[in-house]
Amino acid sequence: MPHRIGSVQLTDVVRYAGASGDLNPIHYDAAFAKAAGYDGVFAMGALHGGWLVSHVAPLSEVAPSYLKLRYHGVVPLGLDLDAESSVEGDRVTATLTGGGERKVSLEAGRLDPPPRPGAGGDEQRCAFPVELGTAKRFAEAVRWPAPLAPGAAVPPTYLSVLSFWLPNPDPIDRVGFDRSRTLLGETAIELTRGPLRVGETLDVREYVGPTRTRAGRAGEMRLTDLVAELSDQDGLRVVYRNTFILMPEPTTASGPLKGSRDTTTGDVYFPPRALSVDGRLRPLADAELATEGILYSWTTYEGNAYGQVDLAGGVRLQAPLSPGEHEIGAAYRMAGAPDGEWWFERA
């Protein structure tokens, strides 16, 4: 059964920003978020992802082990979130949903074979002490259920605090993406000898992985991994990977949509049709439709958003919507190309 774990508020964002060092203004500056094409600020994926990890804690301490979080959609502030989990042997799966949509999925279990060192570019190194005070602040931000003391296991996603020790602490700057169009797609943690514990000090080697591309409904996305390998005197201890996604640059429509107009009644139709609908088979004239309107309703299907948009001139258009949350009654505009792939986004 799903378990209601609450909603992310601005105080949660501020607490997590201070505990983790994630200071991307898209999470607390409404003007910045709207300029980037969002309806408003939204939570860091690792914040409510951390809540989901805490919901299924304690995780198995079987070594080697892994934890993977995939982020499926933005979580606006105030959205009620529900968590549901299942356990099958050493494997744990969990899902975080909000507004009827999947927001985060979790998978954890035994890792076979154990992780090995990788390769990348633009390396930076530092020493990383697992400090009690820093760990306590982070544990509070992600609602970790276990008390922390010297020698205690820290939350798996505690590794995000690496930004306090790395020479260049800004992950988005490290991968070279536009901050306003960058989202965290996935976090993967591989542990060779159980969880990190308060009092350990590890050597960190962080590097940038290769960039690859993936086709999305709004255009081509770029994905880059930022990988940190943590080692102690016995060798590789943890591999921590974050996959960042550069979303396509917003585009506006290159021309009007084409519809049909009944010159006798004045009715306008989309998609275009050749003859009138009253049975008299009058030829219809071509009509150019407006590219802006008001969102009448919207829903999701298989992770994609679709809506009905009321255009000027009385046409109610069914159309794909841009990724993310949407607001009924808000102004929307067409993006893309009428003769190719197109969708509506918040104006």
# chains A, B, ... in the order shown; residues from 1 in each chain; ligands from 1

$ residues_around --residues "Phe128 (chain A)" --least-positions-apart "3" --cutoff "8 Å" --atoms "only C-alpha atoms" --output "ChimeraX atom specification"
/A:162,165,201-204

$ write_last_selection --atoms "C-alpha atoms" --output "short mmCIF file (atom, residue, chain, number, x, y, z; two decimals), in the first residue's frame"
data_model
loop_
_atom_site.label_atom_id
_atom_site.label_comp_id
_atom_site.auth_asym_id
_atom_site.auth_seq_id
_atom_site.Cartn_x
_atom_site.Cartn_y
_atom_site.Cartn_z
CA LEU A 162 31.28 15.95 -1.57
CA TRP A 165 35.47 19.33 -0.21
CA THR A 201 38.26 9.48 5.69
CA LEU A 202 38.49 8.56 2.02
CA ASP A 203 40.47 9.68 -0.99
CA VAL A 204 38.27 10.98 -3.81
#

$ closest_atom_pairs --of "region 173-262 of chain A" --to "region 41-44 of chain A" --cutoff "12 Å" --atoms "only C-alpha atoms" --output "Markdown table"
| residue | atom | partner | partner_atom | distance |
| --- | --- | --- | --- | --- |
| A:Ser180 | CA | A:Val41 | CA | 11.6 |
| A:Thr182 | CA | A:Met44 | CA | 11.5 |
| A:Leu183 | CA | A:Met44 | CA | 8.9 |
| A:Leu184 | CA | A:Met44 | CA | 8.3 |
| A:Gly185 | CA | A:Met44 | CA | 11.1 |

$ closest_atom_pairs --of "region 197-295 of chain A" --to "region 152-157 of chain A" --cutoff "10 Å" --atoms "only C-alpha atoms" --output "Markdown table"
| residue | atom | partner | partner_atom | distance |
| --- | --- | --- | --- | --- |
| A:Arg197 | CA | A:Ala153 | CA | 4.3 |
| A:Val198 | CA | A:Ala152 | CA | 5.6 |
| A:Gly199 | CA | A:Ala152 | CA | 8.6 |
| A:Tyr240 | CA | A:Thr157 | CA | 9.1 |

$ write_last_selection --atoms "N, CA and C atoms" --output "short mmCIF file (atom, residue, chain, number, x, y, z; two decimals), in the first residue's frame"
data_model
loop_
_atom_site.label_atom_id
_atom_site.label_comp_id
_atom_site.auth_asym_id
_atom_site.auth_seq_id
_atom_site.Cartn_x
_atom_site.Cartn_y
_atom_site.Cartn_z
N ARG A 197 30.69 5.14 7.02
CA ARG A 197 30.40 5.34 8.44
C ARG A 197 31.08 6.61 8.95
N VAL A 198 30.43 7.21 9.94
CA VAL A 198 30.97 8.40 10.56
C VAL A 198 32.36 8.11 11.10
N GLY A 199 33.32 8.98 10.78
CA GLY A 199 34.69 8.84 11.25
C GLY A 199 35.65 8.37 10.18
N TYR A 240 30.37 6.55 -7.06
CA TYR A 240 29.20 7.43 -6.95
C TYR A 240 29.04 8.15 -8.29
#

$ residues_around --residues "region 209-221 of chain A" --least-positions-apart "6" --cutoff "8 Å" --atoms "only C-alpha atoms" --output "list in words"
Ala119, Gly120, Gly121, Val227, Ile245, Leu246, Met247, Pro248, Ser322, Gly336, Glu341, Trp342 and Trp343 of chain A

$ write_last_selection --atoms "N, CA and C atoms" --output "compact mmCIF listing (two decimals), in the first residue's frame"
# COMPACT_ATOMS: atom_id res chain seq x y z
N ALA A 119 37.32 5.42 -16.16
CA ALA A 119 38.17 6.43 -16.78
C ALA A 119 37.31 7.57 -17.27
N GLY A 120 37.88 8.77 -17.25
CA GLY A 120 37.19 9.95 -17.73
C GLY A 120 38.16 11.11 -17.82
N GLY A 121 37.62 12.29 -18.00
CA GLY A 121 38.46 13.47 -18.14
C GLY A 121 38.24 14.49 -17.05
N VAL A 227 31.40 11.20 -12.16
CA VAL A 227 31.71 10.01 -11.37
C VAL A 227 32.74 10.34 -10.30
N ILE A 245 21.27 15.64 -17.32
CA ILE A 245 20.61 15.73 -18.63
C ILE A 245 20.46 17.20 -19.01
N LEU A 246 20.96 17.53 -20.19
CA LEU A 246 20.74 18.86 -20.75
C LEU A 246 19.52 18.78 -21.65
N MET A 247 18.44 19.44 -21.23
CA MET A 247 17.20 19.41 -22.00
C MET A 247 17.34 20.28 -23.25
N PRO A 248 16.56 19.99 -24.29
CA PRO A 248 16.64 20.81 -25.51
C PRO A 248 16.28 22.26 -25.22
N SER A 322 4.60 19.91 -23.09
CA SER A 322 6.00 19.80 -22.69
C SER A 322 6.10 19.00 -21.38
N GLY A 336 7.92 23.97 -31.55
CA GLY A 336 8.23 22.95 -32.54
C GLY A 336 7.91 23.42 -33.94
N GLU A 341 7.35 17.73 -35.61
CA GLU A 341 6.98 17.46 -34.23
C GLU A 341 6.66 18.77 -33.53
N TRP A 342 5.52 18.84 -32.84
CA TRP A 342 5.14 20.06 -32.17
C TRP A 342 4.40 19.72 -30.87
N TRP A 343 4.33 20.69 -29.98
CA TRP A 343 3.71 20.51 -28.67
C TRP A 343 3.35 21.89 -28.14

$ closest_atom_pairs --of "region 187-236 of chain A" --to "region 64-75 of chain A" --cutoff "9 Å" --atoms "only C-alpha atoms" --output "Markdown table"
| residue | atom | partner | partner_atom | distance |
| --- | --- | --- | --- | --- |
| A:Thr187 | CA | A:Leu69 | CA | 5.1 |
| A:Ala188 | CA | A:Lys68 | CA | 4.4 |
| A:Ile189 | CA | A:Leu67 | CA | 5.1 |
| A:Glu190 | CA | A:Tyr66 | CA | 4.4 |
| A:Leu191 | CA | A:Ser65 | CA | 5.3 |
| A:Thr192 | CA | A:Pro64 | CA | 4.3 |
| A:Arg193 | CA | A:Pro64 | CA | 5.7 |
| A:Gly194 | CA | A:Pro64 | CA | 6.6 |
| A:Pro195 | CA | A:Ser65 | CA | 9.0 |

$ write_last_selection --atoms "C-alpha atoms" --output "mmCIF file, in the first residue's frame"
data_model
loop_
_atom_site.group_PDB
_atom_site.id
_atom_site.type_symbol
_atom_site.label_atom_id
_atom_site.label_comp_id
_atom_site.auth_asym_id
_atom_site.auth_seq_id
_atom_site.Cartn_x
_atom_site.Cartn_y
_atom_site.Cartn_z
ATOM 1 C CA THR A 187 22.072 8.600 -9.195
ATOM 2 C CA ALA A 188 23.923 5.299 -8.827
ATOM 3 C CA ILE A 189 25.952 4.241 -5.783
ATOM 4 C CA GLU A 190 28.088 1.088 -5.675
ATOM 5 C CA LEU A 191 29.532 0.003 -2.309
ATOM 6 C CA THR A 192 32.288 -2.592 -2.129
ATOM 7 C CA ARG A 193 32.339 -3.097 1.657
ATOM 8 C CA GLY A 194 29.087 -1.895 3.163
ATOM 9 C CA PRO A 195 27.895 1.655 3.935
#

$ closest_residue --among "A:Pro129, A:Pro150, A:Pro171, A:Gly100" --to "Tyr301 (chain A)" --atoms "only C-alpha atoms"
A:Gly100

$ atom_distance --atom1 "CA of Thr243 (chain A)" --atom2 "CA of Ser160 (chain A)"
12.9 Å

$ closest_residue --among "A:Leu23, A:Gly133, A:Ala35, A:Val142" --to "Ile5 (chain A)" --atoms "only C-alpha atoms"
A:Val142

$ residues_around --residues "region 328-335 of chain A" --least-positions-apart "5" --cutoff "7 Å" --atoms "only C-alpha atoms" --output "list of chain:residue names"
A:Thr251, A:Thr252, A:Ala253, A:Thr291, A:Glu292, A:Gly293, A:Ile294, A:Leu295, A:Tyr296, A:Ser297, A:Trp342, A:Trp343, A:Phe344, A:Glu345, A:Arg346, A:Ala347

$ atom_distance --atom1 "CA of Phe270 (chain A)" --atom2 "CA of Asp286 (chain A)"
10.5 Å

$ closest_residue --among "A:Cys126, A:Ala63, A:Met1, A:Leu79" --to "Pro113 (chain A)" --atoms "only C-alpha atoms"
A:Ala63

$ closest_residue --among "A:Thr265, A:Ser276, A:Asn242, A:Ser231" --to "Arg116 (chain A)" --atoms "only C-alpha atoms"
A:Ser231

$ residues_around --residues "Ala290 (chain A)" --least-positions-apart "4" --cutoff "8 Å" --atoms "only C-alpha atoms" --output "ChimeraX atom specification"
/A:256-257,311-313

$ write_last_selection --atoms "C-alpha atoms" --output "PDB file, in the first residue's frame"
ATOM      1  CA  PRO A 256       0.846  28.555 -37.853  1.00  0.00           C
ATOM      2  CA  LEU A 257      -1.101  25.358 -37.633  1.00  0.00           C
ATOM      3  CA  LEU A 311      -7.197  28.628 -29.135  1.00  0.00           C
ATOM      4  CA  ALA A 312      -8.448  32.046 -30.186  1.00  0.00           C
ATOM      5  CA  GLY A 313     -11.293  31.566 -32.642  1.00  0.00           C
TER       6      GLY A 313
END

$ atom_distance --atom1 "CA of Lys103 (chain A)" --atom2 "CA of His48 (chain A)"
9.0 Å

$ closest_residue --among "A:Ala19, A:Gly99, A:Gly314, A:Asp122" --to "Thr299 (chain A)" --atoms "only C-alpha atoms"
A:Gly99

$ closest_residue --among "A:Pro167, A:Gly18, A:Pro145, A:Gly6" --to "Ala57 (chain A)" --atoms "only C-alpha atoms"
A:Pro145

$ decode --residues "region 168-183 of chain A" --atoms "N, CA and C atoms" --output "CSV table (one decimal), in the first residue's frame"
chain,number,residue,atom,x,y,z
A,168,ASN,N,36.4,22.1,-7.3
A,168,ASN,CA,35.3,22.8,-8.0
A,168,ASN,C,34.0,22.0,-7.5
A,169,PRO,N,33.2,22.7,-6.7
A,169,PRO,CA,32.1,21.9,-6.1
A,169,PRO,C,30.8,21.9,-6.9
A,170,ASP,N,30.8,22.6,-8.1
A,170,ASP,CA,29.6,22.8,-8.9
A,170,ASP,C,29.5,21.7,-9.9
A,171,PRO,N,28.6,20.7,-9.8
A,171,PRO,CA,28.5,19.6,-10.7
A,171,PRO,C,28.1,20.1,-12.1
A,172,ILE,N,27.2,21.0,-12.2
A,172,ILE,CA,26.7,21.5,-13.5
A,172,ILE,C,27.8,22.2,-14.2
A,173,ASP,N,28.6,23.0,-13.5
A,173,ASP,CA,29.7,23.6,-14.2
A,173,ASP,C,30.7,22.5,-14.6
A,174,ARG,N,30.9,21.5,-13.9
A,174,ARG,CA,31.8,20.4,-14.2
A,174,ARG,C,31.4,19.7,-15.5
A,175,VAL,N,30.1,19.5,-15.7
A,175,VAL,CA,29.7,18.8,-17.0
A,175,VAL,C,29.5,19.8,-18.1
A,176,GLY,N,29.6,21.1,-17.8
A,176,GLY,CA,29.6,22.1,-18.9
A,176,GLY,C,28.2,22.4,-19.5
A,177,PHE,N,27.1,22.2,-18.7
A,177,PHE,CA,25.8,22.4,-19.2
A,177,PHE,C,25.2,23.7,-18.8
A,178,ASP,N,24.2,24.2,-19.5
A,178,ASP,CA,23.4,25.4,-19.2
A,178,ASP,C,22.6,25.1,-17.9
A,179,ARG,N,22.8,25.8,-16.9
A,179,ARG,CA,22.1,25.6,-15.6
A,179,ARG,C,20.6,25.6,-15.7
A,180,SER,N,20.1,26.5,-16.5
A,180,SER,CA,18.6,26.6,-16.6
A,180,SER,C,18.0,25.4,-17.3
A,181,ARG,N,18.8,24.6,-18.0
A,181,ARG,CA,18.2,23.5,-18.8
A,181,ARG,C,18.7,22.1,-18.3
A,182,THR,N,19.3,22.1,-17.1
A,182,THR,CA,19.9,20.9,-16.7
A,182,THR,C,19.1,20.2,-15.6
A,183,LEU,N,18.9,18.9,-15.7
A,183,LEU,CA,18.2,18.1,-14.7
A,183,LEU,C,19.0,16.9,-14.3
